Amino acid sequence: WTYANIDTMRRQLKMMGLSIDWSREIATCHPDYYRHEQKMFLDFVEAGLIHQREAWVNWDPVDQTVLANEQVIDGRGWRSGAPVEKRRLSQWFFKITDYAQELLDALDTLDRWPEKVRLMQANWIGRSEGLRIAFEVEGRADRLEVYTTRPDTIFGASFCAISPEHPLAAELAAGNPDLTAFIEECGRLGTSEAAIEQAEKVGFDTGLRVKHPFIDGKTMPVYVANFILMEYGTGAIFGCPAHDQRDLDFARKYGLDVLPVVVPDSEQDFTVGDVAYTDDGRLANSDFLDGMDVDAAKAEIAGRIEAAGSGRREVNFRLRDWGISRQRYWGCPIPIIHCADCGGVPVPAADLPVVLPDDVSFDRPGNPLDRHEEWKNVDCPKCGKPAERETDTFDTFVDSSWYFARFASPHAETPTDRAAADYWLPVDQYIGGIEHAILHLLYSRFFTRAMKKTGHAGMDEPFAGLFTQGMICHETYKTAEGAWVEPADVLEGHGDARVHAETREPLIVGRSEKMSKSKKNVIDPEDIISTYGADTARWFMLSDSPPERDLDWTESGITGAWRFSNRLWRLVAASAATLPPPGTAPDDDSAPDLRRAVHAAIAGVTEDLEAFHF
């Protein structure tokens, strides 16, 4: 099925007359490609760039696989519609967090990348400077460690909150069925930050209280809260409701104190209503901090906490390690064999590639590799005892994180030919949609650094220049029952109405959206080429809209491009007889207007090509 689609695309790209070096063609799903990926994985393991550990994941109980955060829609699996659960599973991770600061700093060197993309990556990496504070817990010998970027607001703290996955939450839930039920309910929210941000902020009072580090006799309640992420900081926070909107919403819900401790310079009796105050100002209601600006107050609190041995300054990143394990058949097999005695053993390089078996059964949900006894059961390469293959496969983003390097030497017997890779890379001009700003582009930047560390490449950054093109859009059409209809099956009715070409039933016309297989609002390029010719199709796509903006594909637009192509043809045909023979330079008196027009066109086209203005 995949190779048939590739054949169709290749044929259509050739019909369009695109200048592609087909001798370098690769398919990332072919063993000739992914055997090199498996070799690099083993090299990355040896270099300490990969580890396996248990982690919380989104689990679809119907499809029986891990889902990415983006695949959890309103708490449900994007395909099955089943409520997603949180589970702890053993997963393989690329240590992208080891490169967090380097990936952030290097964004300043990518001056041929759109500022918007660089900002999106910087926000995703999310560097923050803060303070780790250890709060004393009443009645317990251990302390609760929190991480905060706003230690200046410590005198406005009115509660502490921990993640549902925090070890303390698990300990307290062991003897508390109500807390256990609350944690399970939080688990149904998934791990998506967007879902957590949009959900109502709720908590469970654990009954524990912590001592305020600077106010004698003051204690604060400890909640398990659904908006605290275990993966960020320590998985625990202190809440200062007056200066954080989430904390304020939470405090209003549970009747907690709201005390402003940062106030505008000019105001006296400052209060906070339903909106937290997050602007700059001076400290108030804060004892020894009163009158200081925010930065000075942060430094003062950090110094006192460190002097008391109750914490330390710390840099944190929002970026998490890249989980690459997927519990599904379609992906590159992870080349590890699990032995009861030896642990996880790399597949010997001579035995690569580990190829997906063809005789798999999809008769029930879950990973068919896990049920394929012949493929799964092998001998340990180290001790020879019975062992099992890793049945997880790579996230397919791994395949796309280095294909550009393979293009430099697509037939090499090693993942890359260093001479060819060093000559061709980094890619001079990369073109891709803005939707790749975070995942693909960030993963590729990490992967290239990993390839450099293991000797497969010689550069840090994969793409010197980046252009993010707009999307081709088209109206969408539905039947009254809600079934999507392709534009080829749509006819004009009375006025603006549209009807089905076969049944003549009226159709619901939706808004113009990005062409997609799911909404069936696609135009077959072969239909356009057979009707109007490839030149017209190419001209319309390039000229109708600046390439960084979305393009609405319309019948009037394509006919307009066809008329222009004919006008251009007539202009050239009519002028051909008056021009000097090919290969001879006309003198200044020969068709001077045409000569000026030609040189103006050469200059204009050259400049516009460089600037992507067509």
# chains A, B, ... in the order shown; residues from 1 in each chain; ligands from 1
$ residues_around --residues "Phe94 in chain A" --least-positions-apart "2" --cutoff "9 Å" --atoms "only C-alpha atoms" --output "mmCIF file with N, CA and C atoms, in the first residue's frame"
data_model
loop_
_atom_site.group_PDB
_atom_site.id
_atom_site.type_symbol
_atom_site.label_atom_id
_atom_site.label_comp_id
_atom_site.auth_asym_id
_atom_site.auth_seq_id
_atom_site.Cartn_x
_atom_site.Cartn_y
_atom_site.Cartn_z
ATOM 1 N N PHE A 44 24.347 5.497 19.415
ATOM 2 C CA PHE A 44 23.860 6.492 20.377
ATOM 3 C C PHE A 44 23.798 5.886 21.782
ATOM 4 N N LEU A 49 23.646 8.524 24.837
ATOM 5 C CA LEU A 49 22.631 9.471 24.374
ATOM 6 C C LEU A 49 21.210 8.915 24.488
ATOM 7 N N ILE A 50 21.090 7.654 24.890
ATOM 8 C CA ILE A 50 19.779 6.991 24.966
ATOM 9 C C ILE A 50 19.687 6.237 26.284
ATOM 10 N N HIS A 51 18.509 6.235 26.886
ATOM 11 C CA HIS A 51 18.297 5.413 28.076
ATOM 12 C C HIS A 51 16.880 4.873 28.069
ATOM 13 N N GLN A 52 16.671 3.834 28.835
ATOM 14 C CA GLN A 52 15.354 3.233 28.987
ATOM 15 C C GLN A 52 14.919 3.399 30.432
ATOM 16 N N TRP A 92 11.884 3.873 25.787
ATOM 17 C CA TRP A 92 13.211 4.328 25.351
ATOM 18 C C TRP A 92 13.148 5.833 25.107
ATOM 19 N N ILE A 96 17.508 14.344 24.771
ATOM 20 C CA ILE A 96 17.538 15.666 24.158
ATOM 21 C C ILE A 96 17.731 16.757 25.216
ATOM 22 N N THR A 97 17.330 16.471 26.472
ATOM 23 C CA THR A 97 17.480 17.482 27.526
ATOM 24 C C THR A 97 18.943 17.771 27.833
ATOM 25 N N ASP A 321 12.756 14.794 27.757
ATOM 26 C CA ASP A 321 13.429 13.827 26.886
ATOM 27 C C ASP A 321 12.424 13.259 25.891
ATOM 28 N N TRP A 322 12.935 12.916 24.726
ATOM 29 C CA TRP A 322 12.107 12.486 23.597
ATOM 30 C C TRP A 322 11.821 10.992 23.699
ATOM 31 N N GLY A 323 10.585 10.653 24.060
ATOM 32 C CA GLY A 323 10.185 9.245 24.135
ATOM 33 C C GLY A 323 9.934 8.694 22.745
ATOM 34 N N ILE A 324 10.685 7.665 22.357
ATOM 35 C CA ILE A 324 10.626 7.169 20.975
ATOM 36 C C ILE A 324 9.941 5.809 20.857
#
$ residues_around --residues "Cys332 in chain A" --least-positions-apart "4" --cutoff "9 Å" --atoms "only C-alpha atoms" --output "PDB file with N, CA and C atoms, in the first residue's frame"
ATOM      1  N   CYS A  29      10.745   3.704   4.998  1.00  0.00           N
ATOM      2  CA  CYS A  29      10.147   2.471   5.517  1.00  0.00           C
ATOM      3  C   CYS A  29      10.850   1.226   4.979  1.00  0.00           C
ATOM      4  N   PRO A  31      13.945  -1.490   4.574  1.00  0.00           N
ATOM      5  CA  PRO A  31      15.055  -1.958   5.409  1.00  0.00           C
ATOM      6  C   PRO A  31      16.414  -1.399   4.999  1.00  0.00           C
ATOM      7  N   TYR A  34      16.316   1.790   7.093  1.00  0.00           N
ATOM      8  CA  TYR A  34      16.245   1.756   8.552  1.00  0.00           C
ATOM      9  C   TYR A  34      17.292   0.852   9.195  1.00  0.00           C
ATOM     10  N   ARG A  35      18.012   0.053   8.392  1.00  0.00           N
ATOM     11  CA  ARG A  35      19.133  -0.698   9.003  1.00  0.00           C
ATOM     12  C   ARG A  35      20.213   0.269   9.481  1.00  0.00           C
ATOM     13  N   GLU A  37      19.558   3.337  10.473  1.00  0.00           N
ATOM     14  CA  GLU A  37      18.967   3.974  11.645  1.00  0.00           C
ATOM     15  C   GLU A  37      19.196   3.108  12.887  1.00  0.00           C
ATOM     16  N   GLN A  38      19.035   1.806  12.736  1.00  0.00           N
ATOM     17  CA  GLN A  38      19.284   0.889  13.843  1.00  0.00           C
ATOM     18  C   GLN A  38      20.754   0.917  14.268  1.00  0.00           C
ATOM     19  N   VAL A 354      17.172  -5.563  11.732  1.00  0.00           N
ATOM     20  CA  VAL A 354      16.065  -6.324  12.304  1.00  0.00           C
ATOM     21  C   VAL A 354      14.832  -5.899  11.508  1.00  0.00           C
ATOM     22  N   VAL A 355      14.286  -6.832  10.721  1.00  0.00           N
ATOM     23  CA  VAL A 355      13.229  -6.496   9.764  1.00  0.00           C
ATOM     24  C   VAL A 355      11.861  -6.851  10.338  1.00  0.00           C
ATOM     25  N   LEU A 356      10.883  -6.007  10.060  1.00  0.00           N
ATOM     26  CA  LEU A 356       9.503  -6.311  10.460  1.00  0.00           C
ATOM     27  C   LEU A 356       9.031  -7.581   9.763  1.00  0.00           C
ATOM     28  N   ASP A 392       8.624  -2.948  20.914  1.00  0.00           N
ATOM     29  CA  ASP A 392       8.292  -1.566  20.573  1.00  0.00           C
ATOM     30  C   ASP A 392       9.034  -1.175  19.297  1.00  0.00           C
ATOM     31  N   THR A 393       8.451  -0.243  18.547  1.00  0.00           N
ATOM     32  CA  THR A 393       9.109   0.292  17.354  1.00  0.00           C
ATOM     33  C   THR A 393       9.350   1.784  17.545  1.00  0.00           C
ATOM     34  N   PHE A 394      10.215   2.341  16.706  1.00  0.00           N
ATOM     35  CA  PHE A 394      10.526   3.769  16.804  1.00  0.00           C
ATOM     36  C   PHE A 394       9.322   4.634  16.423  1.00  0.00           C
ATOM     37  N   ASP A 395       9.181   5.728  17.132  1.00  0.00           N
ATOM     38  CA  ASP A 395       8.348   6.832  16.658  1.00  0.00           C
ATOM     39  C   ASP A 395       8.845   7.194  15.253  1.00  0.00           C
ATOM     40  N   THR A 396       7.926   7.362  14.299  1.00  0.00           N
ATOM     41  CA  THR A 396       8.368   7.603  12.918  1.00  0.00           C
ATOM     42  C   THR A 396       9.042   8.967  12.746  1.00  0.00           C
ATOM     43  N   VAL A 398      11.670   9.594  14.193  1.00  0.00           N
ATOM     44  CA  VAL A 398      13.089   9.211  14.130  1.00  0.00           C
ATOM     45  C   VAL A 398      13.516   9.069  12.672  1.00  0.00           C
ATOM     46  N   ASP A 399      12.656   8.446  11.846  1.00  0.00           N
ATOM     47  CA  ASP A 399      12.988   8.257  10.428  1.00  0.00           C
ATOM     48  C   ASP A 399      13.237   9.589   9.730  1.00  0.00           C
TER      49      ASP A 399
END
$ closest_residue --among "A:Met230, A:Ile26, A:Val347, A:Met9" --to "His411 in chain A" --atoms "only C-alpha atoms"
A:Ile26
$ residues_around --residues "range 477-490 of chain A" --least-positions-apart "5" --cutoff "9 Å" --atoms "only C-alpha atoms" --output "number ranges by chain"
A: 498-502, 504-511, 518-524
$ write_last_selection --atoms "C-alpha atoms" --output "mmCIF file, in the first residue's frame"
data_model
loop_
_atom_site.group_PDB
_atom_site.id
_atom_site.type_symbol
_atom_site.label_atom_id
_atom_site.label_comp_id
_atom_site.auth_asym_id
_atom_site.auth_seq_id
_atom_site.Cartn_x
_atom_site.Cartn_y
_atom_site.Cartn_z
ATOM 1 C CA ARG A 498 -23.603 22.661 -4.487
ATOM 2 C CA VAL A 499 -24.981 19.193 -5.243
ATOM 3 C CA HIS A 500 -23.539 15.688 -5.413
ATOM 4 C CA ALA A 501 -22.582 14.755 -8.988
ATOM 5 C CA GLU A 502 -24.198 11.294 -8.771
ATOM 6 C CA ARG A 504 -27.880 15.312 -6.998
ATOM 7 C CA GLU A 505 -28.548 15.679 -3.275
ATOM 8 C CA PRO A 506 -27.769 19.147 -1.809
ATOM 9 C CA LEU A 507 -24.407 19.396 -0.057
ATOM 10 C CA ILE A 508 -23.301 21.408 2.960
ATOM 11 C CA VAL A 509 -20.477 23.768 1.925
ATOM 12 C CA GLY A 510 -17.911 24.249 4.667
ATOM 13 C CA ARG A 511 -15.071 26.700 5.044
ATOM 14 C CA SER A 518 -9.593 12.942 6.050
ATOM 15 C CA LYS A 519 -11.796 15.820 4.829
ATOM 16 C CA LYS A 520 -11.471 14.706 1.188
ATOM 17 C CA ASN A 521 -11.029 18.340 0.039
ATOM 18 C CA VAL A 522 -8.195 17.376 -2.312
ATOM 19 C CA ILE A 523 -7.613 18.048 -5.987
ATOM 20 C CA ASP A 524 -5.928 15.341 -8.055
#
$ residues_around --residues "Asp544 in chain A" --least-positions-apart "2" --cutoff "12 Å" --atoms "only C-alpha atoms" --output "MDAnalysis selection string"
chainID A and resid 470 472 536:542 546:554 556:561 564 613:614
$ select_by_dssp --residues "range 314-406 of chain A" --states "strand (DSSP E or B)" --output "PyMOL selection string"
chain A and resi 314-317+322-323+325-326+333+336-339+343-346+377-379+386-389+393-394
$ write_last_selection --atoms "N, CA and C atoms" --output "short mmCIF file (atom, residue, chain, number, x, y, z; two decimals), in the first residue's frame"
data_model
loop_
_atom_site.label_atom_id
_atom_site.label_comp_id
_atom_site.auth_asym_id
_atom_site.auth_seq_id
_atom_site.Cartn_x
_atom_site.Cartn_y
_atom_site.Cartn_z
N GLU A 314 18.58 27.29 40.83
CA GLU A 314 18.54 26.18 39.87
C GLU A 314 17.98 26.66 38.53
N VAL A 315 18.54 26.12 37.45
CA VAL A 315 18.01 26.37 36.11
C VAL A 315 17.18 25.17 35.69
N ASN A 316 15.98 25.40 35.17
CA ASN A 316 15.13 24.31 34.70
C ASN A 316 14.73 24.55 33.25
N PHE A 317 14.35 23.47 32.58
CA PHE A 317 13.89 23.55 31.20
C PHE A 317 12.53 22.87 31.09
N TRP A 322 12.94 12.92 24.73
CA TRP A 322 12.11 12.49 23.60
C TRP A 322 11.82 10.99 23.70
N GLY A 323 10.58 10.65 24.06
CA GLY A 323 10.19 9.25 24.14
C GLY A 323 9.93 8.69 22.75
N SER A 325 9.48 5.22 21.96
CA SER A 325 8.86 3.89 21.91
C SER A 325 7.40 3.98 21.49
N ARG A 326 7.01 3.12 20.58
CA ARG A 326 5.60 3.03 20.18
C ARG A 326 5.19 1.56 20.17
N PRO A 333 11.93 -1.44 13.87
CA PRO A 333 12.14 -2.22 15.09
C PRO A 333 13.34 -1.70 15.90
N ILE A 336 17.15 -4.18 20.13
CA ILE A 336 17.56 -4.62 21.47
C ILE A 336 16.93 -5.98 21.75
N ILE A 337 17.69 -6.85 22.40
CA ILE A 337 17.20 -8.16 22.83
C ILE A 337 17.26 -8.22 24.36
N HIS A 338 16.13 -8.57 24.98
CA HIS A 338 16.04 -8.59 26.44
C HIS A 338 16.30 -10.00 26.95
N CYS A 339 17.32 -10.11 27.79
CA CYS A 339 17.74 -11.39 28.38
C CYS A 339 17.57 -11.33 29.89
N GLY A 343 20.22 -8.63 30.71
CA GLY A 343 19.55 -7.35 30.56
C GLY A 343 19.31 -7.03 29.09
N GLY A 344 19.26 -5.74 28.77
CA GLY A 344 19.07 -5.32 27.39
C GLY A 344 20.36 -5.41 26.61
N VAL A 345 20.38 -6.28 25.58
CA VAL A 345 21.60 -6.52 24.81
C VAL A 345 21.41 -5.99 23.38
N PRO A 346 22.34 -5.16 22.89
CA PRO A 346 22.23 -4.67 21.51
C PRO A 346 22.31 -5.82 20.50
N ASN A 377 10.90 -14.44 19.85
CA ASN A 377 11.76 -15.31 20.66
C ASN A 377 13.06 -15.64 19.93
N VAL A 378 14.16 -15.20 20.52
CA VAL A 378 15.50 -15.41 19.94
C VAL A 378 16.46 -15.76 21.07
N ASP A 379 17.67 -16.15 20.69
CA ASP A 379 18.70 -16.40 21.69
C ASP A 379 19.45 -15.12 22.00
N PRO A 386 17.69 -18.43 25.96
CA PRO A 386 16.47 -17.90 25.35
C PRO A 386 16.20 -16.47 25.82
N ALA A 387 15.81 -15.61 24.88
CA ALA A 387 15.56 -14.20 25.18
C ALA A 387 14.45 -13.68 24.26
N GLU A 388 14.12 -12.42 24.41
CA GLU A 388 13.04 -11.84 23.61
C GLU A 388 13.48 -10.52 22.98
N ARG A 389 13.05 -10.31 21.73
CA ARG A 389 13.30 -9.03 21.07
C ARG A 389 12.47 -7.93 21.73
N THR A 393 8.45 -0.24 18.55
CA THR A 393 9.11 0.29 17.35
C THR A 393 9.35 1.78 17.54
N PHE A 394 10.21 2.34 16.71
CA PHE A 394 10.53 3.77 16.80
C PHE A 394 9.32 4.63 16.42
#
$ select_by_dssp --residues "range 232-383 of chain A" --states "alpha helix (DSSP H)" --output "ChimeraX atom specification"
/A:245-254,294-307,368-371,373-376
$ write_last_selection --atoms "N, CA, C and O atoms" --output "compact mmCIF listing (two decimals), in the first residue's frame"
# COMPACT_ATOMS: atom_id res chain seq x y z
N GLN A 245 -2.30 33.29 37.72
CA GLN A 245 -3.73 33.11 37.47
C GLN A 245 -4.22 31.73 37.87
O GLN A 245 -5.32 31.58 38.41
N ARG A 246 -3.41 30.70 37.60
CA ARG A 246 -3.84 29.35 38.00
C ARG A 246 -4.00 29.26 39.52
O ARG A 246 -4.97 28.70 40.03
N ASP A 247 -3.00 29.83 40.23
CA ASP A 247 -3.06 29.80 41.69
C ASP A 247 -4.25 30.59 42.21
O ASP A 247 -4.90 30.19 43.20
N LEU A 248 -4.57 31.71 41.53
CA LEU A 248 -5.70 32.53 41.95
C LEU A 248 -7.02 31.79 41.76
O LEU A 248 -7.88 31.77 42.66
N ASP A 249 -7.20 31.16 40.61
CA ASP A 249 -8.42 30.38 40.36
C ASP A 249 -8.58 29.29 41.42
O ASP A 249 -9.68 29.04 41.93
N PHE A 250 -7.46 28.64 41.74
CA PHE A 250 -7.46 27.57 42.73
C PHE A 250 -7.82 28.10 44.11
O PHE A 250 -8.66 27.52 44.84
N ALA A 251 -7.22 29.23 44.49
CA ALA A 251 -7.46 29.81 45.82
C ALA A 251 -8.91 30.26 45.98
O ALA A 251 -9.52 30.08 47.05
N ARG A 252 -9.47 30.86 44.93
CA ARG A 252 -10.87 31.30 45.02
C ARG A 252 -11.79 30.09 45.18
O ARG A 252 -12.79 30.15 45.91
N LYS A 253 -11.46 28.99 44.52
CA LYS A 253 -12.30 27.78 44.59
C LYS A 253 -12.30 27.20 46.01
O LYS A 253 -13.33 26.71 46.49
N TYR A 254 -11.13 27.25 46.67
CA TYR A 254 -11.00 26.58 47.97
C TYR A 254 -10.91 27.55 49.15
O TYR A 254 -10.56 27.13 50.26
N VAL A 294 11.48 43.56 41.95
CA VAL A 294 11.33 42.10 41.87
C VAL A 294 12.68 41.41 41.82
O VAL A 294 12.93 40.41 42.53
N ASP A 295 13.58 41.88 40.97
CA ASP A 295 14.89 41.22 40.83
C ASP A 295 15.67 41.24 42.13
O ASP A 295 16.30 40.25 42.52
N ALA A 296 15.66 42.37 42.81
CA ALA A 296 16.39 42.48 44.08
C ALA A 296 15.79 41.54 45.12
O ALA A 296 16.51 40.90 45.90
N ALA A 297 14.46 41.44 45.11
CA ALA A 297 13.79 40.57 46.08
C ALA A 297 14.10 39.10 45.80
O ALA A 297 14.31 38.31 46.74
N LYS A 298 14.14 38.71 44.52
CA LYS A 298 14.51 37.34 44.16
C LYS A 298 15.90 37.00 44.70
O LYS A 298 16.12 35.93 45.29
N ALA A 299 16.84 37.90 44.47
CA ALA A 299 18.23 37.66 44.91
C ALA A 299 18.31 37.58 46.43
O ALA A 299 19.05 36.74 46.98
N GLU A 300 17.55 38.44 47.12
CA GLU A 300 17.59 38.44 48.59
C GLU A 300 17.05 37.13 49.15
O GLU A 300 17.66 36.52 50.05
N ILE A 301 15.91 36.67 48.63
CA ILE A 301 15.33 35.42 49.13
C ILE A 301 16.26 34.24 48.81
O ILE A 301 16.48 33.37 49.67
N ALA A 302 16.80 34.20 47.60
CA ALA A 302 17.70 33.10 47.22
C ALA A 302 18.90 33.05 48.15
O ALA A 302 19.31 31.98 48.61
N GLY A 303 19.47 34.22 48.45
CA GLY A 303 20.63 34.25 49.35
C GLY A 303 20.30 33.74 50.73
O GLY A 303 21.06 32.97 51.33
N ARG A 304 19.15 34.13 51.27
CA ARG A 304 18.77 33.69 52.62
C ARG A 304 18.42 32.21 52.66
O ARG A 304 18.75 31.52 53.64
N ILE A 305 17.74 31.69 51.64
CA ILE A 305 17.40 30.27 51.60
C ILE A 305 18.68 29.43 51.52
O ILE A 305 18.82 28.41 52.22
N GLU A 306 19.61 29.84 50.67
CA GLU A 306 20.87 29.09 50.54
C GLU A 306 21.68 29.16 51.83
O GLU A 306 22.27 28.15 52.27
N ALA A 307 21.71 30.32 52.46
CA ALA A 307 22.47 30.47 53.72
C ALA A 307 21.88 29.59 54.82
O ALA A 307 22.61 29.07 55.67
N PRO A 368 0.96 -6.37 17.21
CA PRO A 368 1.08 -7.76 16.74
C PRO A 368 2.48 -8.33 16.89
O PRO A 368 2.66 -9.55 16.91
N LEU A 369 3.50 -7.47 17.00
CA LEU A 369 4.87 -7.98 17.21
C LEU A 369 4.97 -8.71 18.54
O LEU A 369 5.74 -9.66 18.68
N ASP A 370 4.20 -8.24 19.52
CA ASP A 370 4.24 -8.85 20.84
C ASP A 370 3.64 -10.26 20.83
O ASP A 370 3.94 -11.08 21.70
N ARG A 371 2.79 -10.54 19.81
CA ARG A 371 2.14 -11.84 19.72
C ARG A 371 2.80 -12.77 18.70
O ARG A 371 2.37 -13.90 18.51
N GLU A 373 5.35 -15.04 18.09
CA GLU A 373 6.31 -15.81 18.89
C GLU A 373 7.60 -16.11 18.12
O GLU A 373 8.70 -16.03 18.66
N GLU A 374 7.47 -16.47 16.85
CA GLU A 374 8.66 -16.83 16.07
C GLU A 374 9.60 -15.66 15.90
O GLU A 374 10.81 -15.80 15.99
N TRP A 375 9.04 -14.47 15.67
CA TRP A 375 9.87 -13.28 15.48
C TRP A 375 10.44 -12.80 16.81
O TRP A 375 11.59 -12.39 16.91
N LYS A 376 9.62 -12.88 17.86
CA LYS A 376 9.98 -12.30 19.15
C LYS A 376 11.02 -13.14 19.90
O LYS A 376 11.94 -12.59 20.51
$ residues_around --residues "Asn285 in chain A" --least-positions-apart "4" --cutoff "10 Å" --atoms "only C-alpha atoms" --output "JSON, numbers by chain"
{"A": [153, 155, 156, 259, 260, 261, 262, 263, 289, 290, 291]}
